[in-house]
file input-v4.pdb (PDB, C-alpha atoms)
ATOM      1  CA  GLU A 468      -0.462  16.797 -32.223
ATOM      2  CA  GLY A 469      -3.885  16.493 -30.641
ATOM      3  CA  GLU A 470      -7.523  16.209 -31.541
ATOM      4  CA  PRO A 471      -8.450  19.557 -33.159
ATOM      5  CA  ILE A 472     -12.202  18.996 -33.680
ATOM      6  CA  VAL A 473     -14.337  21.021 -31.262
ATOM      7  CA  SER A 474     -17.886  19.829 -30.569
ATOM      8  CA  ASP A 475     -20.946  22.112 -30.468
ATOM      9  CA  MET A 476     -21.256  21.445 -26.744
ATOM     10  CA  GLU A 477     -17.641  22.515 -26.138
ATOM     11  CA  LYS A 478     -18.235  25.696 -28.121
ATOM     12  CA  LYS A 479     -21.263  26.521 -25.956
ATOM     13  CA  LEU A 480     -19.338  25.878 -22.750
ATOM     14  CA  ALA A 481     -16.380  27.970 -23.941
ATOM     15  CA  LYS A 482     -18.556  31.005 -24.776
ATOM     16  CA  GLY A 483     -15.879  32.299 -27.110
ATOM     17  CA  ALA A 484     -12.938  31.604 -24.810
ATOM     18  CA  GLN A 485      -9.804  29.829 -26.023
ATOM     19  CA  LEU A 486     -10.104  26.038 -25.754
ATOM     20  CA  LYS A 487      -7.029  24.054 -24.770
ATOM     21  CA  ASN A 488      -6.102  20.391 -24.474
ATOM     22  CA  TRP A 489      -5.430  19.057 -20.989
ATOM     23  CA  TYR A 490      -2.215  17.658 -22.431
ATOM     24  CA  MET A 491      -0.657  16.937 -25.806
ATOM     25  CA  ASP A 492       0.218  13.511 -27.089
ATOM     26  CA  THR A 493       2.171  11.799 -29.819
ATOM     27  CA  ILE A 494       0.840   8.696 -31.556
ATOM     28  CA  THR A 495       3.208   6.281 -33.257
ATOM     29  CA  GLU A 496       1.482   3.796 -35.533
ATOM     30  CA  GLU A 497       2.821   0.337 -36.244
ATOM     31  CA  THR A 498       2.497   1.247 -39.934
ATOM     32  CA  PRO A 499       2.466   5.050 -40.431
ATOM     33  CA  THR A 500      -0.619   6.500 -42.149
ATOM     34  CA  ASP A 501      -2.224   9.894 -42.701
ATOM     35  CA  LYS A 502      -5.264   9.029 -40.548
ATOM     36  CA  PRO A 503      -6.724  11.719 -38.266
ATOM     37  CA  ASN A 504      -5.512  11.636 -34.684
ATOM     38  CA  ARG A 505      -8.685  10.054 -33.298
ATOM     39  CA  GLU A 506      -8.492   7.131 -35.749
ATOM     40  CA  LYS A 507      -4.897   6.494 -34.734
ATOM     41  CA  GLN A 508      -6.065   6.430 -31.107
ATOM     42  CA  PHE A 509      -8.590   3.715 -31.969
ATOM     43  CA  ASP A 510      -5.873   1.357 -33.203
ATOM     44  CA  PRO A 511      -4.763  -0.862 -30.272
ATOM     45  CA  LYS A 512      -1.367  -1.281 -31.956
ATOM     46  CA  SER A 513      -0.621   2.457 -31.861
ATOM     47  CA  ARG A 514       1.788   3.689 -29.205
ATOM     48  CA  VAL A 515       0.410   6.754 -27.437
ATOM     49  CA  GLU A 516       2.792   8.990 -25.500
ATOM     50  CA  TYR A 517       1.487  11.754 -23.239
ATOM     51  CA  HIS A 518       3.658  14.847 -22.824
ATOM     52  CA  LYS A 519       4.505  16.764 -19.611
ATOM     53  CA  ILE A 520       2.081  14.769 -17.447
ATOM     54  CA  PRO A 521       3.901  15.427 -14.125
ATOM     55  CA  GLU A 522       3.723  19.156 -14.893
ATOM     56  CA  LYS A 523      -0.002  18.974 -15.762
ATOM     57  CA  VAL A 524      -0.782  16.882 -12.681
ATOM     58  CA  GLN A 525       1.077  19.369 -10.491
ATOM     59  CA  LYS A 526      -1.024  22.219 -11.877
ATOM     60  CA  LEU A 527      -4.188  20.365 -10.912
ATOM     61  CA  LYS A 528      -2.838  19.588  -7.451
ATOM     62  CA  ASP A 529      -1.885  23.237  -6.949
ATOM     63  CA  LEU A 530      -5.384  24.301  -7.972
ATOM     64  CA  ILE A 531      -6.995  21.874  -5.516
ATOM     65  CA  PHE A 532      -4.753  22.771  -2.600
ATOM     66  CA  GLU A 533      -4.922  26.504  -3.259
ATOM     67  CA  GLU A 534      -8.626  26.845  -4.073
ATOM     68  CA  GLY A 535     -10.132  23.930  -2.104
ATOM     69  CA  PRO A 536     -11.389  22.165  -0.204
ATOM     70  CA  PHE A 537     -13.747  20.532  -2.705
ATOM     71  CA  ASP A 538     -16.212  17.696  -2.181
ATOM     72  CA  VAL A 539     -16.768  16.524  -5.757
ATOM     73  CA  LEU A 540     -14.640  16.434  -8.907
ATOM     74  CA  VAL A 541     -16.650  16.242 -12.152
ATOM     75  CA  ALA A 542     -14.807  15.403 -15.374
ATOM     76  CA  PHE A 543     -15.813  14.982 -19.018
ATOM     77  CA  SER A 544     -14.079  13.108 -21.862
ATOM     78  CA  GLN A 545     -10.320  13.826 -21.915
ATOM     79  CA  GLY A 546     -10.697  15.469 -18.514
ATOM     80  CA  CYS A 547     -11.489  12.001 -17.145
ATOM     81  CA  ILE A 548      -8.110  10.721 -18.343
ATOM     82  CA  MET A 549      -6.469  13.665 -16.610
ATOM     83  CA  THR A 550      -8.385  12.880 -13.415
ATOM     84  CA  HIS A 551      -7.334   9.209 -13.535
ATOM     85  CA  LEU A 552      -3.738  10.413 -13.852
ATOM     86  CA  LEU A 553      -4.203  12.835 -10.958
ATOM     87  CA  ILE A 554      -5.667  10.135  -8.690
ATOM     88  CA  GLY A 555      -2.961   7.697  -9.747
ATOM     89  CA  HIS A 556      -0.198  10.147  -8.881
ATOM     90  CA  LEU A 557      -1.738  11.193  -5.569
ATOM     91  CA  ARG A 558      -2.090   7.610  -4.368
ATOM     92  CA  LYS A 559       1.640   7.106  -4.877
ATOM     93  CA  GLU A 560       2.561  10.117  -2.724
ATOM     94  CA  ASP A 561       3.120  10.558   0.995
ATOM     95  CA  PRO A 562       0.275  12.829   2.247
ATOM     96  CA  SER A 563       2.499  14.246   4.971
ATOM     97  CA  MET A 564       4.502  15.991   2.256
ATOM     98  CA  GLN A 565       1.585  18.296   1.422
ATOM     99  CA  ALA A 566       2.223  20.155   4.671
ATOM    100  CA  ALA A 567       5.635  21.098   3.341
ATOM    101  CA  SER A 568       4.274  22.052  -0.065
ATOM    102  CA  LYS A 569       2.772  25.367  -1.112
ATOM    103  CA  ALA A 570      -0.709  24.251  -0.081
ATOM    104  CA  SER A 571      -2.900  27.243   0.629
ATOM    105  CA  LYS A 572      -3.784  28.361   4.141
ATOM    106  CA  ARG A 573      -7.381  27.801   3.067
ATOM    107  CA  TRP A 574      -6.755  24.068   2.964
ATOM    108  CA  HIS A 575      -8.776  22.332   5.693
ATOM    109  CA  PHE A 576      -8.997  18.692   4.592
ATOM    110  CA  THR A 577      -6.310  16.342   5.919
ATOM    111  CA  ARG A 578      -5.255  13.290   3.965
ATOM    112  CA  ASN A 579      -4.260  10.645   6.473
ATOM    113  CA  LYS A 580      -3.107   8.063   3.945
ATOM    114  CA  PRO A 581      -2.191   7.964   0.239
ATOM    115  CA  GLU A 582      -5.466   6.373  -0.883
ATOM    116  CA  GLU A 583      -7.481   9.277   0.540
ATOM    117  CA  MET A 584      -8.032  11.877  -2.156
ATOM    118  CA  PRO A 585      -8.375  15.586  -1.296
ATOM    119  CA  TRP A 586     -12.011  15.431  -2.434
ATOM    120  CA  ARG A 587     -14.733  12.905  -1.612
ATOM    121  CA  VAL A 588     -16.054  11.503  -4.885
ATOM    122  CA  SER A 589     -15.336  11.761  -8.631
ATOM    123  CA  VAL A 590     -18.013  11.785 -11.338
ATOM    124  CA  PHE A 591     -16.908  10.884 -14.862
ATOM    125  CA  PHE A 592     -18.974  11.590 -17.983
ATOM    126  CA  ASN A 593     -17.949   9.854 -21.240
ATOM    127  CA  GLY A 594     -14.524   9.075 -19.844
ATOM    128  CA  MET A 595     -11.690   7.134 -21.426
ATOM    129  CA  HIS A 596      -8.875   4.942 -20.210
ATOM    130  CA  ILE A 597      -5.195   5.797 -19.839
ATOM    131  CA  ARG A 598      -3.475   5.008 -23.107
ATOM    132  CA  ASP A 599       0.179   5.774 -22.364
ATOM    133  CA  LYS A 600       1.807   2.560 -21.117
ATOM    134  CA  ASP A 601       4.174   4.583 -18.931
ATOM    135  CA  TYR A 602       1.246   5.406 -16.621
ATOM    136  CA  MET A 603      -0.726   2.168 -16.585
ATOM    137  CA  ASP A 604       1.047   1.009 -13.419
ATOM    138  CA  LEU A 605      -0.744   3.765 -11.490
ATOM    139  CA  PHE A 606      -3.663   1.366 -11.141
ATOM    140  CA  ASP A 607      -1.935  -1.996 -10.851
ATOM    141  CA  THR A 608      -4.126  -2.301  -7.784
ATOM    142  CA  PRO A 609      -7.570  -0.632  -7.801
ATOM    143  CA  SER A 610      -8.118   2.586  -5.895
ATOM    144  CA  PRO A 611     -10.799   2.693  -3.156
ATOM    145  CA  HIS A 612     -11.678   6.268  -4.155
ATOM    146  CA  PRO A 613     -15.472   6.503  -4.804
ATOM    147  CA  THR A 614     -16.336   7.067  -8.467
ATOM    148  CA  VAL A 615     -19.411   7.363 -10.679
ATOM    149  CA  HIS A 616     -19.105   6.681 -14.429
ATOM    150  CA  VAL A 617     -21.731   7.784 -16.983
ATOM    151  CA  PHE A 618     -21.500   6.563 -20.587
ATOM    152  CA  GLY A 619     -23.560   7.301 -23.717
ATOM    153  CA  ARG A 620     -24.043   4.181 -25.826
ATOM    154  CA  ALA A 621     -24.341   6.296 -29.014
ATOM    155  CA  ASP A 622     -21.016   7.992 -28.259
ATOM    156  CA  GLU A 623     -18.533   7.440 -31.087
ATOM    157  CA  PHE A 624     -15.958   6.817 -28.338
ATOM    158  CA  TYR A 625     -18.164   4.397 -26.359
ATOM    159  CA  ASP A 626     -16.472   1.127 -27.319
ATOM    160  CA  TYR A 627     -13.066   2.780 -27.094
ATOM    161  CA  GLY A 628     -13.870   4.250 -23.688
ATOM    162  CA  ARG A 629     -15.110   0.950 -22.263
ATOM    163  CA  ASP A 630     -12.158  -1.088 -23.602
ATOM    164  CA  GLY A 631      -8.815  -1.215 -21.840
ATOM    165  CA  PHE A 632      -6.857  -1.903 -25.051
ATOM    166  CA  GLY A 633      -4.900  -4.745 -23.513
ATOM    167  CA  TYR A 634      -4.999  -3.219 -20.046
ATOM    168  CA  LYS A 635      -7.955  -2.912 -17.666
ATOM    169  CA  PRO A 636     -11.042  -0.809 -18.528
ATOM    170  CA  GLN A 637     -11.159   2.464 -16.627
ATOM    171  CA  GLU A 638     -13.932   1.324 -14.274
ATOM    172  CA  GLU A 639     -11.558  -1.340 -13.016
ATOM    173  CA  TYR A 640      -9.138   1.328 -11.825
ATOM    174  CA  TYR A 641     -11.481   1.613  -8.829
ATOM    175  CA  VAL A 642     -12.682  -0.824  -6.178
ATOM    176  CA  ASP A 643     -16.412  -0.091  -6.279
ATOM    177  CA  PRO A 644     -17.376   2.024  -9.310
ATOM    178  CA  VAL A 645     -21.004   3.008  -9.900
ATOM    179  CA  ILE A 646     -21.842   2.850 -13.615
ATOM    180  CA  PHE A 647     -24.762   4.343 -15.564
ATOM    181  CA  THR A 648     -25.440   4.281 -19.311
ATOM    182  CA  HIS A 649     -27.865   6.136 -21.562
ATOM    183  CA  SER A 650     -28.783   6.123 -25.244
ATOM    184  CA  GLU A 651     -27.195   9.462 -26.199
ATOM    185  CA  GLY A 652     -23.795  10.423 -27.568
ATOM    186  CA  HIS A 653     -20.631  12.227 -26.421
ATOM    187  CA  ALA A 654     -22.380  14.770 -24.228
ATOM    188  CA  PHE A 655     -24.076  15.150 -20.885
ATOM    189  CA  PRO A 656     -27.423  13.325 -21.125
ATOM    190  CA  THR A 657     -30.481  15.520 -21.721
ATOM    191  CA  GLN A 658     -33.249  13.218 -22.908
ATOM    192  CA  PRO A 659     -35.979  12.363 -20.401
ATOM    193  CA  PRO A 660     -36.729  10.254 -18.539
ATOM    194  CA  ARG A 661     -33.290   8.612 -18.462
ATOM    195  CA  ALA A 662     -31.343  11.853 -18.037
ATOM    196  CA  ARG A 663     -33.320  12.775 -14.909
ATOM    197  CA  GLU A 664     -32.912   9.252 -13.539
ATOM    198  CA  ILE A 665     -29.142   9.439 -13.995
ATOM    199  CA  TYR A 666     -28.759  12.889 -12.444
ATOM    200  CA  ASP A 667     -30.920  11.884  -9.471
ATOM    201  CA  ARG A 668     -28.800   8.810  -8.887
ATOM    202  CA  VAL A 669     -25.544  10.718  -9.348
ATOM    203  CA  ALA A 670     -26.785  13.262  -6.801
ATOM    204  CA  ALA A 671     -27.664  10.429  -4.423
ATOM    205  CA  GLU A 672     -24.114   9.071  -4.689
ATOM    206  CA  ILE A 673     -22.701  12.525  -3.992
ATOM    207  CA  TRP A 674     -24.877  12.878  -0.896
ATOM    208  CA  ARG A 675     -23.884   9.393   0.244
ATOM    209  CA  HIS A 676     -20.180  10.205   0.157
ATOM    210  CA  CYS A 677     -20.346  13.833   1.246
ATOM    211  CA  GLY A 678     -22.792  13.433   4.119
ATOM    212  CA  GLY A 679     -26.037  15.189   4.805
ATOM    213  CA  ARG A 680     -29.156  14.610   2.785
ATOM    214  CA  PRO A 681     -30.938  16.389  -0.080
ATOM    215  CA  SER A 682     -33.678  18.850   0.790
ATOM    216  CA  ALA A 683     -37.214  17.592   0.339
TER     217      ALA A 683
END

call {"tool": "encode", "arguments": {"input": "input-v4.pdb", "output": "structure tokens"}}
result
Amino acid sequence: EGEPIVSDMEKKLAKGAQLKNWYMDTITEETPTDKPNREKQFDPKSRVEYHKIPEKVQKLKDLIFEEGPFDVLVAFSQGCIMTHLLIGHLRKEDPSMQAASKASKRWHFTRNKPEEMPWRVSVFFNGMHIRDKDYMDLFDTPSPHPTVHVFGRADEFYDYGRDGFGYKPQEEYYVDPVIFTHSEGHAFPTQPPRAREIYDRVAAEIWRHCGGRPSA
């Protein structure tokens, strides 16, 4: 099962293309009900199990190593969970093994240690925490990877996204997260002046971690 409701923003981004979940999950309630999937997710007592995560993470790694290098990874909503899982898996791996993998000849960025990601900074919009207990140990210690987190306070998932449900909130997965909030919902912010302020500051963080400086 999975969340079947597609937002207007997702429809616009898809432009008629098939939309797919990053992964599927199964939710086991303490007391079974007929609630929609999202309401089951909101219950801290529900057990959430992600399916085929190693396979999904490997697909993302293959994409990065074959199509990269990249400087910035931008994720939205469920894509943020997938990115947390990707970072968590990468930091547990020996970087020297990538040389023996099917990494593309186009790959030019060398990871010298596990905590170095094959991109420079991650930007999360309306992200959520890892819910499957089998993967919570990925961030028993926080990652030094630079991250920016943007949340909409009117988002129906806001409280859920900022709560760790008995574990740590997602910002605490990282050593020094930069956090911005706005008054809008589950979407990229558009309302001035706050939207412009956020994008300017996000851009400044990207420049800070990627080097160089913005043009005047």

call {"tool": "atom_distance", "arguments": {"input": "input-v4.pdb", "atom1": "CA of Val539 (chain A)", "atom2": "CA of Arg668 (chain A)"}}
result
14.6 Å

call {"tool": "residues_around", "arguments": {"input": "input-v4.pdb", "residues": "region 646-650 of chain A", "least_positions_apart": "5", "cutoff": "12 Å", "atoms": "all atoms listed in the file", "output": "number ranges by chain"}}
result
A: 590-594, 613-623, 625, 629, 637-639, 641, 655-669, 672

call {"tool": "write_last_selection", "arguments": {"input": "input-v4.pdb", "atoms": "C-alpha atoms", "output": "compact mmCIF listing (two decimals), in the frame of the given file"}}
result
# COMPACT_ATOMS: atom_id res chain seq x y z
CA VAL A 590 -18.01 11.78 -11.34
CA PHE A 591 -16.91 10.88 -14.86
CA PHE A 592 -18.97 11.59 -17.98
CA ASN A 593 -17.95 9.85 -21.24
CA GLY A 594 -14.52 9.07 -19.84
CA PRO A 613 -15.47 6.50 -4.80
CA THR A 614 -16.34 7.07 -8.47
CA VAL A 615 -19.41 7.36 -10.68
CA HIS A 616 -19.10 6.68 -14.43
CA VAL A 617 -21.73 7.78 -16.98
CA PHE A 618 -21.50 6.56 -20.59
CA GLY A 619 -23.56 7.30 -23.72
CA ARG A 620 -24.04 4.18 -25.83
CA ALA A 621 -24.34 6.30 -29.01
CA ASP A 622 -21.02 7.99 -28.26
CA GLU A 623 -18.53 7.44 -31.09
CA TYR A 625 -18.16 4.40 -26.36
CA ARG A 629 -15.11 0.95 -22.26
CA GLN A 637 -11.16 2.46 -16.63
CA GLU A 638 -13.93 1.32 -14.27
CA GLU A 639 -11.56 -1.34 -13.02
CA TYR A 641 -11.48 1.61 -8.83
CA PHE A 655 -24.08 15.15 -20.88
CA PRO A 656 -27.42 13.32 -21.12
CA THR A 657 -30.48 15.52 -21.72
CA GLN A 658 -33.25 13.22 -22.91
CA PRO A 659 -35.98 12.36 -20.40
CA PRO A 660 -36.73 10.25 -18.54
CA ARG A 661 -33.29 8.61 -18.46
CA ALA A 662 -31.34 11.85 -18.04
CA ARG A 663 -33.32 12.78 -14.91
CA GLU A 664 -32.91 9.25 -13.54
CA ILE A 665 -29.14 9.44 -14.00
CA TYR A 666 -28.76 12.89 -12.44
CA ASP A 667 -30.92 11.88 -9.47
CA ARG A 668 -28.80 8.81 -8.89
CA VAL A 669 -25.54 10.72 -9.35
CA GLU A 672 -24.11 9.07 -4.69

call {"tool": "closest_atom_pairs", "arguments": {"input": "input-v4.pdb", "of": "region 585-629 of chain A", "to": "region 546-561 of chain A", "cutoff": "10 Å", "atoms": "only C-alpha atoms", "output": "Markdown table"}}
result
| residue | atom | partner | partner_atom | distance |
| --- | --- | --- | --- | --- |
| A:Pro585 | CA | A:Leu557 | CA | 9.0 |
| A:Ser589 | CA | A:Thr550 | CA | 8.5 |
| A:Val590 | CA | A:Cys547 | CA | 8.7 |
| A:Phe591 | CA | A:Cys547 | CA | 6.0 |
| A:Phe592 | CA | A:Cys547 | CA | 7.5 |
| A:Asn593 | CA | A:Cys547 | CA | 7.9 |
| A:Gly594 | CA | A:Cys547 | CA | 5.0 |
| A:Met595 | CA | A:Ile548 | CA | 5.9 |
| A:His596 | CA | A:Ile548 | CA | 6.1 |
| A:Ile597 | CA | A:Ile548 | CA | 5.9 |
| A:Arg598 | CA | A:Ile548 | CA | 8.8 |
| A:Tyr602 | CA | A:Leu552 | CA | 7.6 |
| A:Met603 | CA | A:Gly555 | CA | 9.1 |
| A:Asp604 | CA | A:Gly555 | CA | 8.6 |
| A:Leu605 | CA | A:Gly555 | CA | 4.8 |
| A:Phe606 | CA | A:Gly555 | CA | 6.5 |
| A:Asp607 | CA | A:Gly555 | CA | 9.8 |
| A:Pro609 | CA | A:Gly555 | CA | 9.7 |
| A:Ser610 | CA | A:Arg558 | CA | 8.0 |
| A:His612 | CA | A:Ile554 | CA | 8.5 |
| A:His616 | CA | A:Cys547 | CA | 9.7 |

call {"tool": "residues_around", "arguments": {"input": "input-v4.pdb", "residues": "region 511-526 of chain A", "least_positions_apart": "6", "cutoff": "7 Å", "atoms": "only C-alpha atoms", "output": "PyMOL selection string"}}
result
chain A and resi 490-497+553+598-599+632

call {"tool": "atom_distance", "arguments": {"input": "input-v4.pdb", "atom1": "CA of Lys487 (chain A)", "atom2": "CA of Gln545 (chain A)"}}
result
11.1 Å

call {"tool": "atom_distance", "arguments": {"input": "input-v4.pdb", "atom1": "CA of His653 (chain A)", "atom2": "CA of Ala481 (chain A)"}}
result
16.5 Å

call {"tool": "closest_residue", "arguments": {"input": "input-v4.pdb", "among": "A:Arg680, A:Asp626, A:Lys528, A:Ala542", "to": "Met584 (chain A)", "atoms": "all atoms listed in the file"}}
result
A:Lys528

call {"tool": "residues_around", "arguments": {"input": "input-v4.pdb", "residues": "Leu486 (chain A)", "least_positions_apart": "6", "cutoff": "9 Å", "atoms": "all atoms listed in the file", "output": "list in words"}}
result
Val473, Glu477 and Lys478 of chain A
